[in-house]
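**Student:** Okay, so here is input-v1.txt, and as you'll see once you scroll down, it has compact mmCIF, C-alpha atoms and all ligand atoms.
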# COMPACT_ATOMS: atom_id res chain seq x y z
CA MET Y 10 213.45 177.73 191.44
CA LYS Y 11 214.37 174.18 190.52
CA VAL Y 12 215.16 173.61 186.85
CA VAL Y 13 215.72 170.07 185.59
CA ILE Y 14 217.55 169.57 182.29
CA THR Y 15 217.95 166.14 180.68
CA GLY Y 16 220.61 165.46 178.06
CA ALA Y 17 222.70 167.92 180.04
CA ALA Y 18 226.03 166.76 178.58
CA GLY Y 19 224.76 167.06 174.99
CA GLN Y 20 225.45 169.80 172.48
CA ILE Y 21 222.20 171.78 172.93
CA SER Y 22 222.58 171.86 176.71
CA TYR Y 23 226.13 173.17 176.39
CA SER Y 24 224.61 176.44 175.11
CA LEU Y 25 221.20 176.21 176.78
CA ILE Y 26 222.30 176.05 180.40
CA PRO Y 27 224.50 179.18 180.21
CA PHE Y 28 221.62 181.01 178.47
CA LEU Y 29 219.21 180.00 181.27
CA CYS Y 30 221.64 181.29 183.88
CA GLU Y 31 221.59 184.83 182.48
CA LYS Y 32 219.47 187.32 184.43
CA GLY Y 33 215.85 187.97 183.43
CA ILE Y 34 214.89 184.60 181.96
CA PHE Y 35 212.65 183.56 184.87
CA ASN Y 36 209.96 185.83 186.29
CA SER Y 37 211.27 185.40 189.81
CA GLU Y 38 214.19 186.68 191.82
CA GLU Y 39 214.68 183.19 193.30
CA LYS Y 40 218.06 181.68 192.59
CA LEU Y 41 218.25 178.55 190.46
CA ASP Y 42 218.79 175.00 191.67
CA LEU Y 43 219.98 173.23 188.54
CA ALA Y 44 219.34 169.48 188.39
CA LEU Y 45 221.27 168.07 185.43
CA VAL Y 46 220.36 164.60 184.17
CA GLU Y 47 222.31 162.24 181.93
CA ILE Y 48 222.59 158.55 181.17
CA PRO Y 49 225.21 156.78 183.33
CA GLY Y 50 227.75 156.60 180.46
CA ALA Y 51 227.78 160.38 180.06
CA MET Y 52 228.21 161.35 183.73
CA GLU Y 53 231.94 162.00 183.42
CA ARG Y 54 231.38 164.38 180.50
CA LEU Y 55 228.65 166.05 182.53
CA ASP Y 56 230.99 166.48 185.51
CA GLY Y 57 233.42 168.30 183.22
CA PHE Y 58 230.66 170.68 182.11
CA VAL Y 59 229.58 171.26 185.72
CA LYS Y 60 233.13 172.42 186.52
CA GLU Y 61 232.78 175.00 183.73
CA LEU Y 62 229.40 176.13 185.07
CA GLU Y 63 230.91 176.51 188.55
CA ASP Y 64 233.77 178.53 187.06
CA SER Y 65 231.22 180.84 185.44
CA ALA Y 66 230.16 181.93 188.97
CA TYR Y 67 226.61 182.88 187.94
CA SER Y 68 224.95 185.22 190.42
CA THR Y 69 221.60 183.64 189.43
CA VAL Y 70 222.59 180.11 190.53
CA ASN Y 71 222.18 178.58 193.98
CA THR Y 72 223.15 174.91 193.48
CA ILE Y 73 224.16 172.56 190.67
CA SER Y 74 223.42 168.82 191.11
CA THR Y 75 223.84 165.92 188.72
CA TYR Y 76 221.69 162.77 188.40
CA ASP Y 77 221.83 159.57 186.39
CA ASN Y 78 218.13 158.90 186.99
CA ILE Y 79 215.04 161.00 186.41
CA GLN Y 80 213.14 159.98 189.57
CA ASP Y 81 215.51 161.70 191.99
CA ALA Y 82 216.11 164.70 189.72
CA VAL Y 83 212.51 165.89 189.35
CA VAL Y 84 211.53 166.09 193.04
CA ASP Y 85 209.90 169.53 193.56
CA ALA Y 86 210.85 170.70 190.05
CA ASP Y 87 209.45 174.04 188.79
CA TRP Y 88 210.62 173.49 185.22
CA CYS Y 89 211.71 170.35 183.31
CA LEU Y 90 213.52 170.82 180.02
CA LEU Y 91 213.58 167.39 178.37
CA VAL Y 92 216.41 167.67 175.84
CA GLY Y 93 217.89 164.16 176.11
CA SER Y 94 216.83 161.59 173.57
CA ILE Y 95 218.25 158.98 171.23
CA PRO Y 96 219.10 160.49 167.83
CA ARG Y 97 218.22 158.91 164.49
CA GLY Y 98 221.16 156.92 163.04
CA ILE Y 99 222.47 155.61 166.38
CA VAL Y 100 223.41 151.88 166.53
CA LEU Y 101 221.61 150.05 169.34
CA ASN Y 102 222.12 146.31 169.92
CA GLY Y 103 223.83 146.09 166.51
CA LYS Y 104 220.88 147.70 164.67
CA GLU Y 105 220.96 151.18 163.15
CA ILE Y 106 217.89 153.19 164.18
CA LYS Y 107 216.79 154.68 160.86
CA GLU Y 108 213.02 154.50 160.85
CA ARG Y 109 210.82 157.11 162.50
CA SER Y 110 208.70 154.33 163.96
CA ASP Y 111 211.76 152.73 165.68
CA LEU Y 112 212.90 156.13 166.93
CA LEU Y 113 209.43 156.86 168.28
CA LYS Y 114 209.35 153.58 170.19
CA ILE Y 115 212.84 153.90 171.69
CA ASN Y 116 212.35 157.50 172.75
CA GLY Y 117 208.83 156.60 173.82
CA GLY Y 118 210.33 154.40 176.54
CA ILE Y 119 212.35 157.35 177.85
CA PHE Y 120 209.37 159.72 177.88
CA THR Y 121 207.06 157.17 179.52
CA GLU Y 122 209.41 157.01 182.49
CA GLN Y 123 210.00 160.77 182.57
CA GLY Y 124 206.27 161.52 182.39
CA LYS Y 125 205.54 159.21 185.32
CA ALA Y 126 208.34 160.69 187.44
CA ILE Y 127 207.35 164.30 186.73
CA GLY Y 128 203.68 163.58 187.42
CA GLU Y 129 204.47 162.04 190.79
CA LYS Y 130 207.28 164.24 192.05
CA ALA Y 131 207.42 167.69 190.43
CA LYS Y 132 205.67 170.74 191.92
CA ASP Y 133 202.00 171.19 191.03
CA ASN Y 134 202.69 174.21 188.81
CA CYS Y 135 205.59 172.52 186.99
CA LYS Y 136 206.15 173.41 183.36
CA VAL Y 137 207.67 170.92 180.94
CA LEU Y 138 209.30 171.68 177.59
CA VAL Y 139 210.16 168.73 175.35
CA VAL Y 140 213.03 169.47 172.96
CA GLY Y 141 214.18 165.89 172.19
CA ASN Y 142 212.80 164.64 168.89
CA PRO Y 143 210.23 163.64 167.77
CA ALA Y 144 209.27 166.41 170.19
CA ASN Y 145 205.49 166.61 169.72
CA THR Y 146 204.86 162.91 170.11
CA ASN Y 147 207.41 162.59 172.93
CA ALA Y 148 205.43 165.32 174.73
CA LEU Y 149 202.20 163.37 174.13
CA ILE Y 150 203.80 160.23 175.62
CA GLY Y 151 205.17 162.12 178.63
CA TYR Y 152 201.91 163.95 179.28
CA SER Y 153 199.83 160.77 178.87
CA ASN Y 154 201.98 158.94 181.44
CA SER Y 155 201.89 161.78 183.95
CA SER Y 156 199.41 161.51 186.79
CA ASN Y 157 199.30 165.30 187.20
CA LYS Y 158 197.21 166.94 184.48
CA ASP Y 159 197.78 170.42 186.00
CA HIS Y 160 201.33 170.46 184.66
CA LEU Y 161 201.87 172.46 181.48
CA TRP Y 162 203.46 170.21 178.84
CA MET Y 163 204.86 171.78 175.67
CA ALA Y 164 206.98 170.66 172.71
CA MET Y 165 209.39 173.10 171.12
CA THR Y 166 208.36 174.86 167.90
CA MET Y 167 210.08 178.12 168.83
CA LEU Y 168 213.11 177.30 166.66
CA ASP Y 169 210.85 177.01 163.61
CA GLY Y 170 209.31 180.36 164.59
CA LEU Y 171 212.70 182.04 164.89
CA ARG Y 172 213.80 180.60 161.54
CA ALA Y 173 210.57 181.84 159.97
CA LYS Y 174 211.11 185.34 161.40
CA ALA Y 175 214.75 185.49 160.30
CA GLN Y 176 213.90 184.55 156.69
CA LEU Y 177 210.97 186.99 156.59
CA SER Y 178 213.09 189.83 157.93
CA GLN Y 179 215.59 189.22 155.11
CA LYS Y 180 212.83 189.23 152.50
CA LEU Y 181 211.14 192.40 153.77
CA ASN Y 182 214.33 194.11 154.91
CA CYS Y 183 212.96 194.67 158.40
CA HIS Y 184 214.17 193.83 161.90
CA VAL Y 185 212.97 190.56 163.47
CA ASP Y 186 211.49 192.57 166.35
CA ASP Y 187 209.20 194.38 163.88
CA ILE Y 188 207.47 191.04 163.13
CA TYR Y 189 204.27 190.19 165.06
CA ARG Y 190 201.94 187.18 165.00
CA LEU Y 191 204.09 184.75 163.03
CA ALA Y 192 202.67 181.37 164.06
CA ILE Y 193 203.96 177.85 163.52
CA PHE Y 194 201.17 175.30 163.25
CA GLY Y 195 201.52 171.52 163.59
CA ASN Y 196 204.46 169.18 164.02
CA HIS Y 197 208.12 170.07 164.59
CA SER Y 198 209.03 168.29 161.36
CA PRO Y 199 209.19 169.19 157.67
CA THR Y 200 205.37 169.27 157.57
CA MET Y 201 205.03 172.19 159.98
CA PHE Y 202 203.32 175.28 158.65
CA PRO Y 203 204.60 178.84 159.24
CA ASP Y 204 201.64 181.13 158.55
CA LEU Y 205 202.37 184.55 157.03
CA GLU Y 206 198.76 185.44 156.24
CA ASN Y 207 198.16 186.66 159.80
CA THR Y 208 201.64 188.11 160.34
CA ASN Y 209 202.12 191.85 160.76
CA VAL Y 210 205.26 193.84 160.07
CA ASN Y 211 205.26 197.37 161.44
CA GLY Y 212 201.47 197.23 161.49
CA LYS Y 213 201.11 196.03 157.88
CA ASN Y 214 200.09 192.55 156.72
CA ALA Y 215 203.21 190.55 155.77
CA TYR Y 216 201.45 188.57 153.03
CA GLU Y 217 200.33 191.77 151.32
CA LEU Y 218 203.80 193.29 151.67
CA ILE Y 219 205.34 190.22 150.00
CA ASN Y 220 202.54 190.07 147.41
CA ASP Y 221 203.95 186.88 145.88
CA HIS Y 222 202.13 183.66 146.80
CA ALA Y 223 204.45 181.57 144.58
CA TRP Y 224 207.47 182.76 146.59
CA VAL Y 225 205.75 181.86 149.87
CA LYS Y 226 204.68 178.46 148.61
CA ASN Y 227 207.72 177.41 146.59
CA GLU Y 228 210.62 179.13 148.36
CA TYR Y 229 209.74 180.35 151.83
CA LEU Y 230 207.89 177.29 153.17
CA PRO Y 231 210.40 174.68 151.93
CA ARG Y 232 213.29 176.81 153.24
CA ILE Y 233 211.86 176.90 156.79
CA GLN Y 234 210.71 173.27 156.68
CA GLN Y 235 214.13 172.02 155.46
CA ARG Y 236 216.32 174.40 157.48
CA GLY Y 237 217.25 171.71 160.03
CA ALA Y 238 218.42 169.34 157.27
CA GLU Y 239 220.36 172.18 155.60
CA ILE Y 240 222.25 172.81 158.85
CA ILE Y 241 223.00 169.10 159.40
CA LYS Y 242 224.42 168.93 155.85
CA ALA Y 243 226.65 171.97 156.32
CA ARG Y 244 227.72 171.45 159.93
CA GLY Y 245 227.79 167.68 160.12
CA ALA Y 246 225.69 167.97 163.28
CA SER Y 247 222.18 169.15 164.08
CA SER Y 248 221.47 172.73 165.09
CA ALA Y 249 222.52 173.29 168.68
CA SER Y 250 223.20 176.95 169.40
CA SER Y 251 219.95 178.07 167.74
CA ALA Y 252 217.98 175.23 169.36
CA ALA Y 253 219.34 176.30 172.75
CA ARG Y 254 218.38 179.91 172.03
CA ALA Y 255 214.87 178.77 171.11
CA ALA Y 256 214.48 176.63 174.25
CA CYS Y 257 215.58 179.56 176.42
CA ASP Y 258 213.21 181.89 174.50
CA THR Y 259 210.34 179.47 175.17
CA VAL Y 260 211.00 179.54 178.90
CA LYS Y 261 211.21 183.34 178.79
CA ALA Y 262 208.00 183.57 176.72
CA VAL Y 263 206.06 181.50 179.26
CA GLU Y 264 207.57 183.29 182.27
CA HIS Y 265 206.78 186.83 181.05
CA PRO Y 266 203.65 188.44 179.57
CA THR Y 267 203.55 188.33 175.76
CA ARG Y 268 204.02 191.77 174.19
CA SER Y 269 200.77 193.39 173.15
CA GLY Y 270 199.51 192.22 169.74
CA ASP Y 271 202.03 189.39 169.45
CA VAL Y 272 202.12 185.61 169.98
CA PHE Y 273 204.80 183.07 170.83
CA ASN Y 274 205.27 179.56 169.49
CA ALA Y 275 205.08 176.21 171.25
CA ALA Y 276 203.17 172.98 170.68
CA ILE Y 277 200.54 172.15 173.29
CA LEU Y 278 197.78 169.57 173.58
CA SER Y 279 195.18 170.43 170.96
CA ASP Y 280 191.68 171.32 172.13
CA GLY Y 281 190.42 171.16 168.54
CA SER Y 282 191.31 174.79 167.70
CA TYR Y 283 191.84 175.55 164.00
CA GLY Y 284 190.54 172.06 163.15
CA ILE Y 285 193.60 170.31 164.62
CA PRO Y 286 192.19 167.12 166.18
CA GLU Y 287 192.11 166.89 169.95
CA GLY Y 288 194.62 164.64 171.68
CA ILE Y 289 197.80 165.51 169.74
CA PHE Y 290 200.48 168.09 170.53
CA SER Y 291 200.42 170.76 167.84
CA GLY Y 292 202.08 174.11 167.33
CA PHE Y 293 199.70 177.03 167.92
CA PRO Y 294 199.97 180.80 168.31
CA LEU Y 295 200.04 181.32 172.09
CA ILE Y 296 200.02 184.14 174.62
CA SER Y 297 201.20 184.11 178.22
CA ASP Y 298 199.99 186.29 181.09
CA GLY Y 299 203.37 185.90 182.79
CA SER Y 300 201.82 184.10 185.78
CA GLY Y 301 202.00 180.58 184.43
CA ASN Y 302 198.86 180.72 182.26
CA ILE Y 303 199.10 180.36 178.51
CA GLU Y 304 196.34 180.19 175.95
CA ILE Y 305 195.80 179.69 172.24
CA VAL Y 306 195.11 182.86 170.23
CA ARG Y 307 191.98 182.05 168.25
CA ASP Y 308 191.50 184.96 165.86
CA PHE Y 309 193.78 183.81 163.02
CA ASN Y 310 191.98 183.65 159.66
CA LEU Y 311 193.17 180.66 157.68
CA SER Y 312 192.85 180.50 153.88
CA ASP Y 313 192.12 177.25 152.03
CA PHE Y 314 195.85 177.05 151.29
CA ALA Y 315 196.70 177.32 155.03
CA LYS Y 316 193.96 174.82 155.96
CA SER Y 317 195.33 172.28 153.47
CA LYS Y 318 198.79 172.61 155.06
CA LEU Y 319 197.35 172.21 158.58
CA GLU Y 320 195.62 169.03 157.50
CA ILE Y 321 198.91 167.53 156.26
CA THR Y 322 200.79 168.26 159.47
CA ALA Y 323 197.88 167.15 161.68
CA ASN Y 324 197.66 163.87 159.75
CA GLU Y 325 201.36 163.26 160.37
CA LEU Y 326 200.82 163.80 164.10
CA LEU Y 327 197.89 161.36 164.07
CA GLU Y 328 200.09 158.78 162.31
CA GLU Y 329 202.83 159.27 164.93
CA ARG Y 330 200.23 158.84 167.66
CA ASP Y 331 199.10 155.56 166.08
CA LEU Y 332 202.70 154.29 166.11
CA VAL Y 333 202.99 154.80 169.89
CA GLN Y 334 199.43 153.82 170.80
CA GLU Y 335 200.61 151.25 173.35
CA LEU Y 336 202.64 153.91 175.20
CA ILE Y 337 199.92 156.48 175.76
N1 LIG F 1 212.49 170.72 168.86
C1 LIG F 1 213.51 171.27 168.21
O1 LIG F 1 213.35 172.35 167.61
C2 LIG F 1 214.89 170.65 168.17
C3 LIG F 1 215.94 171.33 167.54
C4 LIG F 1 217.21 170.75 167.51
C5 LIG F 1 217.40 169.51 168.09
N2 LIG F 1 216.37 168.86 168.69
C6 LIG F 1 216.53 167.55 169.34
O2 LIG F 1 217.10 167.74 170.63
C7 LIG F 1 217.71 166.52 171.04
C8 LIG F 1 219.07 166.78 171.64
O3 LIG F 1 219.95 167.29 170.67
P1 LIG F 1 221.52 167.43 170.94
O4 LIG F 1 222.09 167.99 169.69
O5 LIG F 1 221.78 168.11 172.23
O6 LIG F 1 221.91 165.88 171.04
P2 LIG F 1 223.17 165.23 171.74
O7 LIG F 1 223.24 163.83 171.21
O8 LIG F 1 224.39 166.11 171.63
O9 LIG F 1 222.76 165.20 173.28
C9 LIG F 1 221.72 164.41 173.75
C10 LIG F 1 222.12 163.97 175.14
O10 LIG F 1 221.00 163.31 175.71
C11 LIG F 1 221.52 162.28 176.53
N3 LIG F 1 220.44 161.33 176.81
C12 LIG F 1 219.96 160.33 176.03
N4 LIG F 1 219.00 159.66 176.67
C13 LIG F 1 218.82 160.26 177.86
C14 LIG F 1 217.98 160.02 178.97
N5 LIG F 1 217.11 159.00 178.96
N6 LIG F 1 218.07 160.82 180.04
C15 LIG F 1 218.96 161.84 180.07
N7 LIG F 1 219.81 162.10 179.05
C16 LIG F 1 219.73 161.33 177.96
C17 LIG F 1 222.68 161.72 175.73
O11 LIG F 1 223.60 161.02 176.58
C18 LIG F 1 223.30 163.01 175.16
O12 LIG F 1 224.34 163.52 176.01
C19 LIG F 1 217.72 165.62 169.80
O13 LIG F 1 216.62 164.73 169.89
C20 LIG F 1 217.49 166.59 168.66
O14 LIG F 1 216.89 165.96 167.54
C21 LIG F 1 215.12 169.41 168.74
Show me the file's structure as structure tokens.

**Tutor:**
Amino acid sequence: MKVVITGAAGQISYSLIPFLCEKGIFNSEEKLDLALVEIPGAMERLDGFVKELEDSAYSTVNTISTYDNIQDAVVDADWCLLVGSIPRGIVLNGKEIKERSDLLKINGGIFTEQGKAIGEKAKDNCKVLVVGNPANTNALIGYSNSSNKDHLWMAMTMLDGLRAKAQLSQKLNCHVDDIYRLAIFGNHSPTMFPDLENTNVNGKNAYELINDHAWVKNEYLPRIQQRGAEIIKARGASSASSAARAACDTVKAVEHPTRSGDVFNAAILSDGSYGIPEGIFSGFPLISDGSGNIEIVRDFNLSDFAKSKLEITANELLEERDLVQELI
């Protein structure tokens, strides 16, 4: 089982790779061949991390290799976790990258190349999870540049889903595992929409249990949508441990059958479901059969309030797509 991870010397990967090496993440007894990818300037840092991974003596791991280019890394890959990207605020050629449009274009270049390489060289049943932001549109760029449309491309919205579950469990004083069908729709950005109207807690409707639309609208939604910014403010760095947990949970969710009556969260290419326009990567409620097939769950009832929120996040994704039109 070959697993490629880009941005392997970064802060998310420092937690993510050890999580992936625990038993039971992949639905296969095959041992892992880890292919860790970084930019040339970060290879020394990556070598230091590899020594730590070796010292962890994981029984799940077969080999650990490092690469400073994507083309060699992705040959025969089963999974590609695309974590590496250029963060907002970085200074490139003397210019600070502040605007979303600049960030989209710079990262677009990275995902164009990665999409091409994965399409040409990865295994036919390869699965790709884009974590690097702006994740949905990076996934669209990668997918559009891949010559293999059988590959499953996803962008990560699992972290938003976990945040939404954690806050709901506090409100309703229940365990996160008692929460079913909590879906994140749209973009992994402050416009994303966590839907509680179709969520069940111990068999009861979460919205009815809360019975307070003003709380959902004015407190719950902004708290989930702004959680990333809240963490950056407090920690001085973006969420890493929780993002790693979410990336590992996404792999596990795809690799194993979804528990009965539940969904998991990831953004995939829209087929027009729930009125989200085709041709953009949007968060949807998904189920997996544990054999590599995932599908959108289509029986969610959306109120006018939910539909208005979906329209906002879909419009943002369409705007992002317009900004990278020449890359897709
Ligand atoms: N989707 C989500 O829910 C979510 C959550 C948190 C963070 N993120 C995003 O994940 C990304 C990584 O976050 P981090 O905290 O690990 O950042 P980081 O800066 O610590 O690490 C990123 C690493 O990527 C490497 N890199 C850059 N370009 C690369 C390329 N072309 N090929 C291979 N490696 C490359 C960098 O050298 C760096 O080591 C960021 O874009 C962040 O915004 C997404």

**Student:** What do you get as a PyMOL selection string if you pick all residues at most 7 Å from ligand LIG 1 (chain F), counting all atoms listed in the file?

**Tutor:** chain Y and resi 15-22+46-48+51+92-96+119+140-144+164-169+197+247-249+252

**Student:** For CA of Glu63 in chain Y and CA of Leu138 in chain Y, quote the distance in Å rounded to one decimal.

**Tutor:**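 Interatomic distance here is 24.7 Å.
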
**Student:** So that I can check the surroundings of range 105-115 of chain Y, please list as a ChimeraX atom specification every protein, DNA and RNA residue that reaches within 10 Å of it, counting only C-alpha atoms and ignoring chain neighbours fewer than 5 positions away.

**Tutor:** /Y:94-100,120,142-144,146-147,150,328-336

**Student:** Using only C-alpha atoms, can you tell me which of Y:Asn209, Y:Thr69, Y:Asn145, Y:Ser198 comes closest to Val185 in chain Y?

**Tutor:** Y:Asn209

**Student:** Mind checking which residues fall within 10 Å of Leu29 in chain Y, counting all atoms listed in the file, ignoring those fewer than 6 positions away in the same chain, and posting them as a short mmCIF file (atom, residue, chain, number, x, y, z; two decimals) with C-alpha atoms, in the frame of the given file?

**Tutor:**
data_model
loop_
_atom_site.label_atom_id
_atom_site.label_comp_id
_atom_site.auth_asym_id
_atom_site.auth_seq_id
_atom_site.Cartn_x
_atom_site.Cartn_y
_atom_site.Cartn_z
CA VAL Y 12 215.16 173.61 186.85
CA SER Y 22 222.58 171.86 176.71
CA PHE Y 35 212.65 183.56 184.87
CA LEU Y 41 218.25 178.55 190.46
CA LEU Y 43 219.98 173.23 188.54
CA THR Y 69 221.60 183.64 189.43
CA VAL Y 70 222.59 180.11 190.53
CA ALA Y 253 219.34 176.30 172.75
CA ARG Y 254 218.38 179.91 172.03
CA ALA Y 256 214.48 176.63 174.25
CA CYS Y 257 215.58 179.56 176.42
CA ASP Y 258 213.21 181.89 174.50
CA VAL Y 260 211.00 179.54 178.90
CA LYS Y 261 211.21 183.34 178.79
#

**Student:** Need to verify the contact set: Lys158 in chain Y, 12 Å, only C-alpha atoms, exclusion of same-chain residues closer than 4 positions in sequence. Can you return it as a JSON list (two decimals) with C-alpha atoms, in the coordinates of the input?

**Tutor:**
[["chain", "number", "residue", "atom", "x", "y", "z"],
["Y", 124, "GLY", "CA", 206.27, 161.52, 182.39],
["Y", 125, "LYS", "CA", 205.54, 159.21, 185.32],
["Y", 127, "ILE", "CA", 207.35, 164.30, 186.73],
["Y", 128, "GLY", "CA", 203.68, 163.58, 187.42],
["Y", 129, "GLU", "CA", 204.47, 162.04, 190.79],
["Y", 131, "ALA", "CA", 207.42, 167.69, 190.43],
["Y", 132, "LYS", "CA", 205.67, 170.74, 191.92],
["Y", 133, "ASP", "CA", 202.00, 171.19, 191.03],
["Y", 134, "ASN", "CA", 202.69, 174.21, 188.81],
["Y", 135, "CYS", "CA", 205.59, 172.52, 186.99],
["Y", 136, "LYS", "CA", 206.15, 173.41, 183.36],
["Y", 137, "VAL", "CA", 207.67, 170.92, 180.94],
["Y", 151, "GLY", "CA", 205.17, 162.12, 178.63],
["Y", 152, "TYR", "CA", 201.91, 163.95, 179.28],
["Y", 153, "SER", "CA", 199.83, 160.77, 178.87],
["Y", 154, "ASN", "CA", 201.98, 158.94, 181.44],
["Y", 162, "TRP", "CA", 203.46, 170.21, 178.84],
["Y", 278, "LEU", "CA", 197.78, 169.57, 173.58]]

**Student:** CA of Ser250 in chain Y and CA of Tyr23 in chain Y are how many Å apart?

**Tutor:** 8.5 Å

**Student:** Could you state the separation of CA of Asn182 in chain Y and CA of Leu25 in chain Y in Å, given to one decimal place?

**Tutor:**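 Spanning CA of Asn182 in chain Y to CA of Leu25 in chain Y is a straight-line distance of 29.1 Å.
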
**Student:** Taking (199.9, 182.4, 182.3) in the coordinates of the supplied file, I want to know which residues reach to within 10 Å of it, counting all atoms listed in the file; could you give the answer as a PDB file with C-alpha atoms, keeping the file's coordinate frame?

**Tutor:**
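This is the output file result10.pdb:
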ATOM      1  CA  ALA Y 262     208.000 183.570 176.720  1.00  0.00           C
ATOM      2  CA  VAL Y 263     206.060 181.500 179.260  1.00  0.00           C
ATOM      3  CA  GLU Y 264     207.570 183.290 182.270  1.00  0.00           C
ATOM      4  CA  HIS Y 265     206.780 186.830 181.050  1.00  0.00           C
ATOM      5  CA  PRO Y 266     203.650 188.440 179.570  1.00  0.00           C
ATOM      6  CA  THR Y 267     203.550 188.330 175.760  1.00  0.00           C
ATOM      7  CA  ILE Y 296     200.020 184.140 174.620  1.00  0.00           C
ATOM      8  CA  SER Y 297     201.200 184.110 178.220  1.00  0.00           C
ATOM      9  CA  ASP Y 298     199.990 186.290 181.090  1.00  0.00           C
ATOM     10  CA  GLY Y 299     203.370 185.900 182.790  1.00  0.00           C
ATOM     11  CA  SER Y 300     201.820 184.100 185.780  1.00  0.00           C
ATOM     12  CA  GLY Y 301     202.000 180.580 184.430  1.00  0.00           C
ATOM     13  CA  ASN Y 302     198.860 180.720 182.260  1.00  0.00           C
ATOM     14  CA  ILE Y 303     199.100 180.360 178.510  1.00  0.00           C
ATOM     15  CA  GLU Y 304     196.340 180.190 175.950  1.00  0.00           C
TER      16      GLU Y 304
END

**Student:** Near Ala192 in chain Y, within 6 Å and counting only C-alpha atoms, which residues show up once chain neighbours fewer than 4 positions away are dropped, as a PyMOL selection string?

**Tutor:** chain Y and resi 203-204+294

**Student:** Pick out the closest residue to Ala86 in chain Y from this set: Y:Lys32, Y:Arg54, Y:Lys11, Y:Lys60. Count only C-alpha atoms.

**Tutor:**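 For Ala86 in chain Y, the nearest of the candidates is Y:Lys11.
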
**Student:** Closest to Asp64 in chain Y among Y:Gly118, Y:Lys174, Y:Pro27, Y:Ala215, using all atoms listed in the file?

**Tutor:**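 Of all the options, Y:Pro27 lies closest to Asp64 in chain Y.
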
**Student:** Point out the residue among Y:Ile233, Y:Leu205, Y:Gly212, Y:Gly195 with the least atom-to-atom distance to Ala173 in chain Y, counting all atoms listed in the file.

**Tutor:** Y:Ile233

**Student:** Smallest atom-to-atom distance to Asn310 in chain Y: which of Y:Phe273, Y:Tyr283, Y:Trp88, Y:Phe290, using only C-alpha atoms?

**Tutor:**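 Among the listed residues, the smallest separation from Asn310 in chain Y belongs to Y:Tyr283.
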
**Student:** Give the answer as one residue: which of Y:Ser251, Y:Phe314, Y:Met201, Y:Val13 has the shortest atom-to-atom distance to Asp42 in chain Y, using all atoms listed in the file?

**Tutor:**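 Closest to Asp42 in chain Y, using all atoms listed in the file: Y:Val13.
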
**Student:** I want to know what sits within 9 Å of Ala175 in chain Y, based on only C-alpha atoms, with residues of the same chain fewer than 5 positions away left out; could you give that as a PDB file with C-alpha atoms, in the coordinates of the input?

**Tutor:**
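So the final result, stored in around36.pdb, reads:
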ATOM      1  CA  GLY Y 170     209.310 180.360 164.590  1.00  0.00           C
ATOM      2  CA  LYS Y 180     212.830 189.230 152.500  1.00  0.00           C
ATOM      3  CA  HIS Y 184     214.170 193.830 161.900  1.00  0.00           C
ATOM      4  CA  VAL Y 185     212.970 190.560 163.470  1.00  0.00           C
TER       5      VAL Y 185
END
